[in-house]
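K.L.:
Just data.txt, nothing more (compact mmCIF, C-alpha atoms):
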```txt
# COMPACT_ATOMS: atom_id res chain seq x y z
CA MET A 240 -13.09 -91.47 -22.18
CA ALA A 241 -15.43 -93.09 -24.66
CA VAL A 242 -17.06 -89.88 -25.71
CA PRO A 243 -16.34 -89.02 -29.34
CA ALA A 244 -14.43 -85.84 -29.95
CA VAL A 245 -16.44 -82.68 -30.26
CA SER A 246 -16.68 -81.51 -33.82
CA LYS A 247 -14.62 -78.39 -34.17
CA ALA A 248 -16.35 -77.37 -37.36
CA LYS A 249 -17.93 -73.96 -36.97
CA VAL A 250 -21.62 -74.40 -37.54
CA HIS A 251 -23.86 -71.42 -38.15
CA PHE A 252 -27.36 -71.41 -36.87
CA PHE A 253 -28.54 -69.36 -39.78
CA PRO A 254 -26.60 -70.85 -42.67
CA GLU A 255 -28.58 -68.77 -45.13
CA LEU A 256 -27.19 -65.62 -43.59
CA GLY A 257 -23.57 -66.63 -43.77
CA PRO A 258 -20.90 -66.08 -41.14
CA LYS A 259 -21.76 -62.44 -40.51
CA GLY A 260 -25.46 -63.06 -40.13
CA PHE A 261 -25.38 -64.37 -36.64
CA SER A 262 -24.38 -61.31 -34.71
CA ASN A 263 -27.38 -59.44 -36.04
CA THR A 264 -29.98 -62.12 -35.74
CA SER A 265 -29.19 -63.91 -32.51
CA GLY A 266 -32.17 -63.49 -30.24
CA VAL A 267 -30.10 -62.75 -27.18
CA LEU A 268 -27.80 -60.26 -28.78
CA LYS A 269 -30.82 -58.50 -30.14
CA ILE A 270 -32.42 -58.45 -26.72
CA VAL A 271 -29.29 -56.89 -25.29
CA ASP A 272 -29.40 -54.26 -28.05
CA ASP A 273 -33.06 -53.65 -27.33
CA ALA A 274 -32.34 -53.27 -23.62
CA ASP A 275 -29.78 -50.59 -24.42
CA GLY A 276 -32.29 -49.13 -26.86
CA ILE A 277 -34.89 -48.81 -24.13
CA VAL A 278 -32.44 -46.94 -21.91
CA ALA A 279 -31.81 -44.49 -24.76
CA HIS A 280 -35.54 -43.71 -24.88
CA ILE A 281 -35.91 -43.08 -21.16
CA PRO A 282 -35.22 -39.29 -21.23
CA PRO A 283 -37.93 -38.53 -23.84
CA LEU A 284 -40.38 -40.90 -22.11
CA ARG A 285 -39.72 -39.04 -18.90
CA ARG A 286 -40.14 -35.64 -20.52
CA TYR A 287 -43.42 -36.70 -22.08
CA ALA A 288 -44.68 -38.16 -18.80
CA ARG A 289 -43.83 -34.93 -16.96
CA ALA A 290 -45.69 -32.81 -19.52
CA LEU A 291 -48.62 -35.21 -19.66
CA THR A 292 -49.23 -35.50 -15.93
CA GLY A 293 -47.94 -32.08 -14.85
CA ASP A 294 -46.74 -33.73 -11.66
CA TYR A 295 -43.23 -34.94 -10.81
CA ALA A 296 -44.18 -37.96 -8.70
CA ALA A 297 -47.01 -39.09 -10.99
CA ALA A 298 -44.69 -38.80 -13.99
CA GLU A 299 -41.93 -40.85 -12.37
CA ASP A 300 -44.46 -43.54 -11.47
CA LEU A 301 -45.73 -43.54 -15.04
CA VAL A 302 -42.20 -44.06 -16.39
CA GLN A 303 -41.51 -46.78 -13.83
CA ASP A 304 -44.69 -48.69 -14.73
CA THR A 305 -43.97 -48.29 -18.43
CA LEU A 306 -40.42 -49.61 -18.09
CA GLU A 307 -41.49 -52.57 -16.00
CA ARG A 308 -43.96 -53.59 -18.67
CA ALA A 309 -41.43 -53.01 -21.41
CA TRP A 310 -38.67 -55.11 -19.82
CA ARG A 311 -41.14 -57.88 -19.10
CA ARG A 312 -42.34 -58.00 -22.69
CA LEU A 313 -39.03 -57.32 -24.36
CA GLN A 314 -38.39 -60.99 -25.09
CA LEU A 315 -41.59 -61.05 -27.07
CA TRP A 316 -40.82 -57.90 -29.00
CA ARG A 317 -38.95 -58.95 -32.11
CA GLN A 318 -40.40 -56.64 -34.72
CA GLY A 319 -37.22 -54.62 -34.94
CA SER A 320 -39.07 -51.69 -36.43
CA ASN A 321 -39.92 -48.84 -34.11
CA LEU A 322 -38.89 -49.21 -30.49
CA ARG A 323 -39.90 -45.63 -29.69
CA ALA A 324 -43.46 -46.11 -30.89
CA TRP A 325 -43.66 -49.38 -28.97
CA LEU A 326 -42.52 -47.75 -25.72
CA PHE A 327 -44.83 -44.75 -26.09
CA THR A 328 -47.70 -47.12 -26.83
CA ILE A 329 -47.04 -48.89 -23.54
CA MET A 330 -46.91 -45.56 -21.75
CA HIS A 331 -50.18 -44.50 -23.38
CA ASN A 332 -51.88 -47.69 -22.20
CA VAL A 333 -50.57 -47.33 -18.64
CA PHE A 334 -51.64 -43.68 -18.59
CA ILE A 335 -55.15 -44.39 -19.88
CA ASN A 336 -55.61 -47.19 -17.36
CA GLN A 337 -54.56 -44.92 -14.52
CA LEU A 338 -56.90 -42.23 -15.80
CA LYS A 339 -59.82 -44.63 -15.81
CA ALA A 340 -58.90 -45.75 -12.31
CA ASP A 341 -59.21 -42.27 -10.81
CA GLN A 342 -61.58 -40.54 -13.18
CA GLY A 343 -63.42 -38.71 -10.41
CA ARG A 344 -60.36 -37.08 -8.94
CA GLN A 345 -59.13 -36.12 -12.38
CA ASN A 346 -62.27 -34.13 -13.16
CA GLN A 347 -62.05 -32.27 -9.89
CA ALA A 348 -58.49 -31.26 -10.56
CA VAL A 349 -59.40 -29.83 -13.95
CA ASP A 350 -62.28 -27.84 -12.49
CA GLY A 351 -60.01 -26.45 -9.82
CA ALA A 352 -57.42 -25.36 -12.36
CA GLU A 353 -59.97 -23.62 -14.52
CA VAL A 354 -61.11 -21.28 -11.80
CA LYS A 355 -57.64 -19.93 -11.21
CA LEU A 356 -56.52 -19.48 -14.80
CA PRO A 357 -55.89 -15.84 -15.77
CA VAL A 358 -54.65 -13.97 -12.76
CA THR A 359 -51.30 -12.27 -13.17
CA PRO A 360 -49.97 -10.15 -16.04
CA PRO A 361 -47.72 -12.01 -18.52
CA GLN A 362 -44.99 -9.44 -18.61
CA ASP A 363 -42.20 -11.94 -18.90
CA TYR A 364 -41.67 -15.20 -20.68
CA ARG A 365 -41.85 -17.28 -17.52
CA LEU A 366 -45.42 -16.33 -17.06
CA GLU A 367 -46.29 -17.38 -20.56
CA LEU A 368 -44.71 -20.74 -19.82
CA ARG A 369 -46.92 -21.09 -16.82
CA ASP A 370 -50.00 -20.20 -18.79
CA LEU A 371 -49.27 -22.85 -21.36
CA ASN A 372 -48.64 -25.39 -18.65
CA LYS A 373 -51.96 -24.48 -17.05
CA GLY A 374 -53.66 -24.55 -20.42
CA LEU A 375 -52.35 -28.07 -21.01
CA ARG A 376 -54.07 -29.23 -17.82
CA MET A 377 -57.36 -27.94 -19.18
CA LEU A 378 -57.23 -29.93 -22.39
CA SER A 379 -58.81 -33.35 -22.45
CA ALA A 380 -56.26 -36.12 -21.91
CA GLU A 381 -56.73 -37.16 -25.53
CA GLN A 382 -55.94 -33.70 -26.89
CA ARG A 383 -53.03 -33.27 -24.50
CA GLU A 384 -51.44 -36.52 -25.65
CA VAL A 385 -51.63 -35.50 -29.29
CA VAL A 386 -50.40 -31.94 -28.73
CA LEU A 387 -47.42 -33.25 -26.73
CA LEU A 388 -46.48 -36.20 -28.93
CA ILE A 389 -46.41 -33.89 -31.95
CA GLY A 390 -45.27 -30.58 -30.50
CA LEU A 391 -42.84 -31.86 -27.88
CA GLU A 392 -41.79 -35.35 -28.97
CA GLN A 393 -41.94 -34.36 -32.63
CA MET A 394 -43.54 -37.56 -33.78
CA SER A 395 -45.04 -37.80 -37.23
CA TYR A 396 -48.83 -37.90 -37.44
CA ASP A 397 -48.71 -41.53 -38.56
CA GLU A 398 -46.54 -42.49 -35.61
CA VAL A 399 -48.92 -40.79 -33.19
CA ALA A 400 -51.84 -42.63 -34.78
CA LYS A 401 -49.97 -45.89 -34.22
CA VAL A 402 -49.09 -45.07 -30.61
CA LEU A 403 -52.65 -44.09 -29.70
CA GLY A 404 -54.32 -46.74 -31.83
CA VAL A 405 -56.58 -44.28 -33.66
CA PRO A 406 -56.87 -43.21 -37.32
CA VAL A 407 -54.69 -40.31 -38.52
CA GLY A 408 -57.85 -38.26 -39.10
CA THR A 409 -58.63 -38.50 -35.39
CA VAL A 410 -55.09 -37.41 -34.56
CA MET A 411 -55.49 -34.36 -36.78
CA SER A 412 -58.81 -33.30 -35.31
CA ARG A 413 -57.51 -33.69 -31.74
CA LEU A 414 -54.42 -31.70 -32.67
CA SER A 415 -56.48 -28.99 -34.27
CA ARG A 416 -58.87 -28.65 -31.35
CA GLY A 417 -56.14 -28.93 -28.74
CA ARG A 418 -53.92 -26.25 -30.25
CA GLU A 419 -56.79 -23.89 -30.86
CA GLN A 420 -58.02 -24.28 -27.31
CA LEU A 421 -54.53 -23.59 -25.97
CA ARG A 422 -54.31 -20.50 -28.14
CA LEU A 423 -57.62 -19.19 -26.88
CA LEU A 424 -56.72 -19.92 -23.28
CA MET A 425 -53.45 -18.05 -23.63
CA ASN A 426 -55.15 -15.14 -25.37
CA ARG A 427 -57.68 -15.00 -22.61
CA ALA A 428 -54.87 -14.90 -20.10
CA SER A 429 -53.15 -12.00 -21.84
CA THR A 430 -56.40 -10.12 -22.55
CA THR A 431 -57.33 -10.20 -18.90
CA THR A 432 -53.91 -8.88 -18.12
CA GLN A 433 -54.13 -6.05 -20.60
CA LEU A 434 -57.36 -4.97 -19.03
CA LYS A 435 -55.69 -4.96 -15.68
CA VAL A 436 -52.73 -3.01 -16.99
CA VAL A 437 -55.00 -0.41 -18.57
CA LYS A 438 -56.84 -0.01 -15.29
CA MET B 232 -57.97 -13.08 -49.85
CA SER B 233 -60.64 -15.55 -50.90
CA SER B 234 -58.91 -17.27 -53.76
CA PRO B 235 -55.77 -18.58 -51.99
CA LYS B 236 -57.75 -19.42 -48.86
CA LEU B 237 -59.65 -22.06 -50.77
CA SER B 238 -56.54 -24.08 -51.33
CA VAL B 239 -55.15 -24.18 -47.78
CA SER B 240 -56.75 -26.40 -45.18
CA GLU B 241 -56.54 -26.53 -41.41
CA ILE B 242 -54.39 -29.64 -41.78
CA ASP B 243 -52.01 -27.74 -44.04
CA LEU B 244 -51.56 -25.13 -41.34
CA HIS B 245 -50.64 -27.71 -38.69
CA THR B 246 -48.40 -29.60 -41.05
CA TYR B 247 -46.71 -26.29 -41.82
CA VAL B 248 -46.25 -25.53 -38.11
CA ASP B 249 -44.65 -28.94 -37.60
CA GLY B 250 -42.35 -28.48 -40.57
CA ARG B 251 -43.68 -31.51 -42.36
CA LEU B 252 -44.86 -29.99 -45.64
CA PRO B 253 -43.01 -30.69 -48.88
CA GLU B 254 -41.11 -27.64 -50.06
CA LYS B 255 -43.50 -26.64 -52.83
CA ARG B 256 -46.54 -26.85 -50.62
CA ARG B 257 -44.73 -24.93 -47.91
CA GLU B 258 -44.16 -22.04 -50.27
CA GLU B 259 -47.83 -22.03 -51.24
CA VAL B 260 -48.86 -21.92 -47.59
CA GLU B 261 -46.42 -19.08 -46.95
CA THR B 262 -47.92 -17.09 -49.81
CA PHE B 263 -51.34 -17.75 -48.37
CA LEU B 264 -50.29 -16.68 -44.88
CA ALA B 265 -48.80 -13.44 -46.19
CA ALA B 266 -52.25 -12.51 -47.43
CA ASN B 267 -54.26 -13.78 -44.45
CA PRO B 268 -53.39 -12.15 -41.11
CA GLN B 269 -55.89 -14.19 -39.12
CA GLU B 270 -54.36 -17.55 -40.12
CA ARG B 271 -50.91 -16.00 -39.82
CA GLU B 272 -51.62 -15.19 -36.20
CA GLN B 273 -52.99 -18.70 -35.66
CA VAL B 274 -49.84 -20.28 -37.09
CA ARG B 275 -47.61 -17.97 -35.08
CA ALA B 276 -49.43 -18.96 -31.88
CA TYR B 277 -49.07 -22.68 -32.63
CA GLN B 278 -45.36 -22.29 -33.36
CA GLU B 279 -45.02 -20.42 -30.11
CA GLN B 280 -46.76 -23.28 -28.29
CA ASN B 281 -44.22 -25.78 -29.55
CA LYS B 282 -41.38 -23.50 -28.51
CA ILE B 283 -42.80 -23.05 -25.04
CA LEU B 284 -43.34 -26.79 -24.65
CA HIS B 285 -39.63 -27.33 -25.21
CA ALA B 286 -38.74 -24.46 -22.89
CA LEU B 287 -40.92 -26.00 -20.21
CA PHE B 288 -39.93 -29.64 -20.44
CA ASP B 289 -36.61 -30.10 -22.23
CA SER B 290 -34.72 -29.78 -18.96
CA VAL B 291 -36.14 -33.20 -18.00
CA LEU B 292 -33.91 -34.75 -20.69
CA ALA B 293 -30.81 -33.78 -18.74
CA GLU B 294 -31.90 -35.33 -15.45
CA PRO B 295 -29.73 -38.29 -14.50
CA ILE B 296 -31.47 -41.60 -15.11
CA PRO B 297 -31.99 -43.61 -11.91
CA SER B 298 -29.91 -46.78 -12.04
CA LYS B 299 -32.95 -48.92 -11.32
CA TRP B 300 -34.29 -47.87 -14.72
CA GLN B 301 -31.13 -48.86 -16.52
CA ASN B 302 -30.84 -52.40 -15.31
CA PRO B 303 -33.75 -54.72 -15.94
CA GLY B 304 -32.23 -57.09 -13.39
CA GLN B 305 -33.55 -54.70 -10.76
CA TYR B 306 -37.05 -55.79 -11.57
CA TRP B 307 -36.45 -58.89 -9.57
CA THR B 308 -39.97 -59.14 -8.23
CA MET B 309 -41.29 -60.42 -11.53
CA TRP B 310 -38.84 -63.32 -11.41
CA LEU B 311 -39.53 -63.97 -7.77
CA LYS B 312 -42.11 -66.66 -8.36
CA PRO B 313 -40.01 -69.34 -10.06
CA VAL B 314 -37.01 -68.61 -7.87
CA ALA B 315 -39.09 -68.81 -4.71
CA ALA B 316 -40.58 -72.07 -5.93
CA ALA B 317 -37.13 -73.49 -6.55
CA LEU B 318 -35.92 -72.32 -3.15
CA ALA B 319 -38.91 -73.95 -1.52
CA TRP B 320 -37.84 -77.20 -3.14
CA ILE B 321 -34.36 -76.86 -1.67
CA VAL B 322 -35.95 -76.86 1.76
CA VAL B 323 -38.16 -79.83 0.94
CA GLY B 324 -35.20 -81.62 -0.58
CA GLY B 325 -33.07 -80.92 2.44
CA MET B 326 -35.70 -82.38 4.71
CA LEU B 327 -36.12 -85.36 2.42
CA GLY B 328 -32.39 -85.96 2.40
CA TRP B 329 -32.39 -85.92 6.18
CA VAL B 330 -35.28 -88.36 6.38
CA LEU B 331 -33.75 -90.64 3.76
CA ARG B 332 -30.24 -90.42 5.18
CA GLY B 333 -28.69 -93.83 5.04
CA GLU B 334 -26.63 -95.89 2.66
CA GLN B 335 -29.27 -96.93 0.16
CA ALA B 336 -30.79 -93.46 -0.03
CA GLY B 337 -27.51 -91.85 -1.03
CA GLN B 338 -27.78 -92.32 -4.77
CA LEU B 339 -31.43 -91.33 -4.93
CA ALA B 340 -30.78 -88.15 -2.99
CA THR B 341 -27.82 -87.32 -5.24
CA ASN B 342 -29.92 -87.66 -8.37
CA MET B 343 -32.77 -85.61 -7.01
CA ASP B 344 -30.32 -83.02 -5.84
CA PHE B 345 -28.90 -82.83 -9.35
CA ALA B 346 -32.34 -82.20 -10.87
CA ARG B 347 -33.08 -79.62 -8.23
CA ARG B 348 -29.82 -77.77 -8.80
CA ALA B 349 -30.52 -77.75 -12.52
CA ALA B 350 -34.00 -76.34 -11.91
CA ILE B 351 -32.65 -73.61 -9.66
CA ALA B 352 -30.02 -72.65 -12.21
CA HIS B 353 -32.78 -72.54 -14.80
CA ALA B 354 -35.04 -70.38 -12.64
CA VAL B 355 -32.22 -67.98 -11.86
CA PHE B 356 -30.76 -67.45 -15.32
CA SER B 357 -33.52 -68.06 -17.86
CA PRO B 358 -35.38 -64.81 -17.06
CA GLU B 359 -32.22 -62.74 -17.45
CA VAL B 360 -32.69 -60.12 -20.13
CA ARG B 361 -29.27 -58.57 -20.35
CA HIS B 362 -26.92 -61.33 -19.18
CA PRO B 363 -28.57 -64.69 -19.78
CA VAL B 364 -25.23 -66.31 -20.63
CA GLU B 365 -21.55 -65.63 -20.07
CA VAL B 366 -20.48 -66.56 -23.57
CA THR B 367 -22.93 -66.23 -26.45
CA ALA B 368 -23.51 -68.77 -29.18
CA GLU B 369 -21.70 -66.44 -31.51
CA GLN B 370 -18.47 -67.77 -29.99
CA GLU B 371 -19.71 -71.32 -29.91
CA GLU B 372 -16.36 -72.97 -30.49
CA HIS B 373 -14.76 -71.05 -27.67
CA LEU B 374 -17.77 -71.70 -25.44
CA ILE B 375 -17.55 -75.48 -25.89
CA ARG B 376 -13.78 -75.57 -25.45
CA TRP B 377 -13.90 -73.43 -22.34
CA LEU B 378 -16.72 -75.29 -20.62
CA SER B 379 -15.25 -78.70 -21.57
CA LYS B 380 -11.97 -77.70 -20.02
CA ARG B 381 -13.45 -76.30 -16.84
CA VAL B 382 -16.02 -79.04 -16.28
CA GLY B 383 -13.51 -81.71 -17.23
CA GLY B 384 -15.39 -83.60 -19.91
CA ASP B 385 -15.98 -83.55 -23.60
CA LEU B 386 -19.07 -81.38 -23.75
CA LYS B 387 -21.29 -80.68 -26.72
CA ALA B 388 -24.12 -78.26 -27.18
CA PRO B 389 -26.50 -80.10 -29.50
CA HIS B 390 -28.16 -78.00 -32.16
CA LEU B 391 -31.91 -77.88 -31.72
CA VAL B 392 -32.85 -75.46 -34.50
CA ASP B 393 -34.97 -78.17 -36.14
CA LEU B 394 -37.08 -78.18 -32.95
CA GLY B 395 -37.34 -74.41 -32.99
CA TYR B 396 -34.72 -73.73 -30.31
CA GLU B 397 -31.61 -71.69 -30.99
CA LEU B 398 -28.54 -71.91 -28.84
CA VAL B 399 -28.21 -68.68 -26.85
CA GLY B 400 -24.88 -69.52 -25.21
CA GLY B 401 -23.66 -70.93 -21.95
CA ARG B 402 -22.17 -70.30 -18.57
CA LEU B 403 -20.11 -71.97 -15.89
CA LEU B 404 -21.74 -72.62 -12.51
CA PRO B 405 -20.67 -74.06 -9.17
CA GLY B 406 -22.03 -77.58 -8.69
CA GLU B 407 -22.10 -79.79 -5.64
CA LYS B 408 -18.57 -81.11 -6.12
CA GLY B 409 -17.14 -78.90 -8.82
CA PRO B 410 -17.94 -76.78 -11.84
CA VAL B 411 -20.95 -77.54 -14.01
CA ALA B 412 -21.99 -76.15 -17.38
CA GLN B 413 -25.29 -74.63 -18.45
CA PHE B 414 -26.29 -74.20 -22.08
CA MET B 415 -29.29 -72.02 -22.82
CA TYR B 416 -31.70 -72.35 -25.73
CA GLN B 417 -34.54 -70.13 -26.80
CA ASP B 418 -37.45 -70.42 -29.21
CA LYS B 419 -38.91 -67.62 -31.30
CA ASN B 420 -41.31 -66.62 -28.53
CA GLY B 421 -38.50 -66.18 -26.04
CA GLN B 422 -39.31 -69.45 -24.25
CA ARG B 423 -36.06 -70.76 -22.81
CA LEU B 424 -34.73 -74.20 -22.01
CA THR B 425 -31.47 -74.94 -20.24
CA LEU B 426 -29.23 -77.97 -20.47
CA TYR B 427 -27.23 -78.52 -17.29
CA ILE B 428 -24.23 -80.85 -17.47
CA LYS B 429 -21.86 -82.23 -14.86
CA THR B 430 -19.12 -84.82 -15.13
CA ASP B 431 -19.23 -86.47 -11.73
CA THR B 432 -21.74 -89.30 -12.01
CA GLY B 433 -20.72 -91.44 -9.07
CA ALA B 434 -21.06 -95.16 -9.69
CA GLU B 435 -23.64 -94.89 -12.45
CA ARG B 436 -22.67 -94.74 -16.11
CA GLU B 437 -26.02 -94.90 -17.82
CA THR B 438 -29.55 -94.28 -16.69
CA ALA B 439 -32.94 -93.92 -18.28
CA PHE B 440 -34.72 -90.59 -18.43
CA ARG B 441 -36.13 -89.44 -15.15
CA PHE B 442 -38.53 -86.59 -14.66
CA SER B 443 -38.78 -84.23 -11.76
CA GLN B 444 -41.15 -81.29 -11.32
CA GLU B 445 -39.39 -78.61 -9.29
CA GLY B 446 -41.96 -75.92 -8.65
CA THR B 447 -42.88 -74.47 -12.04
CA VAL B 448 -39.76 -75.91 -13.67
CA GLY B 449 -39.87 -79.38 -15.21
CA VAL B 450 -36.61 -81.34 -15.45
CA PHE B 451 -35.70 -84.43 -17.46
CA TYR B 452 -32.39 -85.83 -16.32
CA TRP B 453 -30.25 -88.77 -17.28
CA ILE B 454 -26.69 -90.07 -17.30
CA ASP B 455 -24.97 -90.94 -20.53
CA ARG B 456 -21.33 -92.01 -20.85
CA ARG B 457 -20.30 -90.57 -17.49
CA LEU B 458 -21.93 -87.23 -18.06
CA SER B 459 -25.06 -86.18 -16.18
CA TYR B 460 -27.57 -84.12 -18.15
CA ALA B 461 -30.60 -82.20 -16.97
CA LEU B 462 -32.89 -80.41 -19.38
CA SER B 463 -35.07 -77.83 -17.62
CA GLY B 464 -37.89 -75.64 -18.80
CA GLU B 465 -41.24 -74.16 -17.95
CA VAL B 466 -42.97 -75.90 -20.83
CA ARG B 467 -45.35 -78.84 -21.10
CA LYS B 468 -43.86 -82.16 -20.06
CA GLU B 469 -44.39 -83.67 -23.53
CA GLU B 470 -42.58 -80.76 -25.16
CA LEU B 471 -39.70 -81.11 -22.73
CA LEU B 472 -39.51 -84.87 -23.32
CA LYS B 473 -39.44 -84.33 -27.07
CA VAL B 474 -36.48 -81.99 -26.71
CA ALA B 475 -34.76 -84.29 -24.19
CA ASN B 476 -35.05 -87.17 -26.67
CA ALA B 477 -33.61 -85.00 -29.41
CA VAL B 478 -30.71 -83.95 -27.19
CA TYR B 479 -29.98 -87.58 -26.35
CA GLN B 480 -30.11 -88.64 -29.99
CA LYS B 481 -27.95 -85.78 -31.17
CA LEU B 482 -25.35 -86.66 -28.55
CA ASN B 483 -25.46 -90.30 -29.72
CA PRO B 484 -25.56 -90.05 -33.49
```
What is this structure when it is put down as structure tokens?

P.N.:
Amino acid sequence: MAVPAVSKAKVHFFPELGPKGFSNTSGVLKIVDDADGIVAHIPPLRRYARALTGDYAAAEDLVQDTLERAWRRLQLWRQGSNLRAWLFTIMHNVFINQLKADQGRQNQAVDGAEVKLPVTPPQDYRLELRDLNKGLRMLSAEQREVVLLIGLEQMSYDEVAKVLGVPVGTVMSRLSRGREQLRLLMNRASTTTQLKVVK
Amino acid sequence: MSSPKLSVSEIDLHTYVDGRLPEKRREEVETFLAANPQEREQVRAYQEQNKILHALFDSVLAEPIPSKWQNPGQYWTMWLKPVAAALAWIVVGGMLGWVLRGEQAGQLATNMDFARRAAIAHAVFSPEVRHPVEVTAEQEEHLIRWLSKRVGGDLKAPHLVDLGYELVGGRLLPGEKGPVAQFMYQDKNGQRLTLYIKTDTGAERETAFRFSQEGTVGVFYWIDRRLSYALSGEVRKEELLKVANAVYQKLNP
């Protein structure tokens, strides 16, 4: 055959990086790493979604939509810096869009929850858990996101600011108001109970 | 009570609750809290909230992850469009081949079929996130040797870094009459091109570039020294031609 022999010389695509450079910089290998990276973040994303929505099916849908977007955009994501923040940002955007889509229903649900709040005495821990869960539903979505990203996902304030696309000062004021409201709601729950117990 | 209170802000209290204060500041806040029962109660309540959040939701972490979430290949619907387009062209091509059946139509149909097969292979593998290639460019030498041996020709994967495309790797595919090779390239935006090569060229030894639009996939194909090449991509025709020219030149230095 007239075709000249293939050069057997090993040629590196990133000569400046030397022989070892390739495995870390190859686009595809990185994408594979990122894909594995995404899988590693699924449990926290799922936990956050469950706490945020307070509903199993809604949370699973939120994770599903987030992952679909993430896989689709993964090829374009080459920053290499903070995969977690990137994924939570996507989830935040999906969540906010859904919220806008059914704003009316959302408000109704909150009203309904408020009426029923302090009913039974918190004599055991389980009840306190339920009160906090109820209290979470009564926060604004913005406050709930901040309280959960910090208190549950243990993100730094800067990271939360990045995920939500707001200044750190805004994060702090939402955190402050959200936590204080939760505290008051839970106090109210236990005060009502004490009254009942005394009776 | 008033003097230490001045120095501790609301933000300090939250940062303390979240364990993010530097040690010295933490001690100051603790001194302050010891003297201020109201803030102490506030901090205790916030710490309790965090604890309860974990008690409520940490069990989710242990739930088994559905397999559809672990494999991006499951999200096939997003790739459906190019694949469906390519499949539609198989049908059209099949009908065309039937209409054109006859001696003189044979070569034309073969060439079109080659471009179509290349386009389908492109549409199927270029969107792959996890397994775009069988052997990555990291093992380039092995890749070339392996594909050359299996396809039965002296293959090369031209380097296109100067055009902004890195070699991703390659894979072996079933062709019409035997194995064919596919090399995949990718630019910095994740845009992928594939170079599809077979050895069986029939009677022809050299041809000019030909272009075929197969659904959303454009294909430039040509024969050079008894190897058939098809370069496929979902990019502008001029861009694809530029790369095709470069491939040709690099294979004929």

K.L.:
Report as CSV the residues of chain B within 7 Å of chain A, each with its shortest atom pair and distance in Å (one decimal), using all atoms listed in the file, ordered by chain and increasing residue number.

P.N.:
```
residue,atom,partner,partner_atom,distance
B:Ile242,CA,A:Met411,CA,7.0
B:Ala276,CA,A:Arg422,CA,6.3
B:Tyr277,CA,A:Arg418,CA,6.5
B:Asn281,CA,A:Gly390,CA,5.0
B:Ile283,CA,A:Leu368,CA,6.0
B:Leu284,CA,A:Leu391,CA,6.0
B:His285,CA,A:Leu391,CA,6.2
B:Leu287,CA,A:Leu368,CA,6.5
B:Phe288,CA,A:Arg286,CA,6.0
B:Asp289,CA,A:Arg286,CA,6.8
B:Val291,CA,A:Arg286,CA,5.3
B:Leu292,CA,A:Pro282,CA,4.8
B:Gln301,CA,A:Val278,CA,5.9
B:Pro303,CA,A:Trp310,CA,6.3
B:Val360,CA,A:Ile270,CA,6.8
B:Arg361,CA,A:Val271,CA,5.2
B:Glu369,CA,A:Ser262,CA,6.6
B:Glu372,CA,A:Lys249,CA,6.7
B:Asp385,CA,A:Val245,CA,6.7
B:Lys387,CA,A:Val245,CA,6.3
B:Val399,CA,A:Val267,CA,6.2
B:Asn420,CA,A:Leu315,CA,5.8
B:Gly421,CA,A:Gln314,CA,5.3
B:Arg456,CA,A:Val242,CA,6.8
```

K.L.:
Pull C-alpha atoms from the residues just selected and write them as a PDB file, keeping the file's coordinate frame.

P.N.:
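Saved file again_20.pdb follows:
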```
ATOM      1  CA  ILE B 242     -54.390 -29.640 -41.780  1.00  0.00           C
ATOM      2  CA  ALA B 276     -49.430 -18.960 -31.880  1.00  0.00           C
ATOM      3  CA  TYR B 277     -49.070 -22.680 -32.630  1.00  0.00           C
ATOM      4  CA  ASN B 281     -44.220 -25.780 -29.550  1.00  0.00           C
ATOM      5  CA  ILE B 283     -42.800 -23.050 -25.040  1.00  0.00           C
ATOM      6  CA  LEU B 284     -43.340 -26.790 -24.650  1.00  0.00           C
ATOM      7  CA  HIS B 285     -39.630 -27.330 -25.210  1.00  0.00           C
ATOM      8  CA  LEU B 287     -40.920 -26.000 -20.210  1.00  0.00           C
ATOM      9  CA  PHE B 288     -39.930 -29.640 -20.440  1.00  0.00           C
ATOM     10  CA  ASP B 289     -36.610 -30.100 -22.230  1.00  0.00           C
ATOM     11  CA  VAL B 291     -36.140 -33.200 -18.000  1.00  0.00           C
ATOM     12  CA  LEU B 292     -33.910 -34.750 -20.690  1.00  0.00           C
ATOM     13  CA  GLN B 301     -31.130 -48.860 -16.520  1.00  0.00           C
ATOM     14  CA  PRO B 303     -33.750 -54.720 -15.940  1.00  0.00           C
ATOM     15  CA  VAL B 360     -32.690 -60.120 -20.130  1.00  0.00           C
ATOM     16  CA  ARG B 361     -29.270 -58.570 -20.350  1.00  0.00           C
ATOM     17  CA  GLU B 369     -21.700 -66.440 -31.510  1.00  0.00           C
ATOM     18  CA  GLU B 372     -16.360 -72.970 -30.490  1.00  0.00           C
ATOM     19  CA  ASP B 385     -15.980 -83.550 -23.600  1.00  0.00           C
ATOM     20  CA  LYS B 387     -21.290 -80.680 -26.720  1.00  0.00           C
ATOM     21  CA  VAL B 399     -28.210 -68.680 -26.850  1.00  0.00           C
ATOM     22  CA  ASN B 420     -41.310 -66.620 -28.530  1.00  0.00           C
ATOM     23  CA  GLY B 421     -38.500 -66.180 -26.040  1.00  0.00           C
ATOM     24  CA  ARG B 456     -21.330 -92.010 -20.850  1.00  0.00           C
TER      25      ARG B 456
END
```

K.L.:
Between CA of Asn267 in chain B and CA of Met377 in chain A, what is the spacing in Å?

P.N.:
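If I compute the distance from CA of Met377 in chain A to CA of Asn267 in chain B, I get 29.1 Å.
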
K.L.:
Interatomic distance between CA of Arg275 in chain B and CA of Val248 in chain B?

P.N.:
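Distance reported for this atom pair: 8.3 Å.
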
K.L.:
State, in Å with one decimal place, the distance from CA of Ser459 in chain B to CA of Thr432 in chain B.

P.N.:
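Interatomic distance, CA of Ser459 in chain B to CA of Thr432 in chain B: 6.2 Å.
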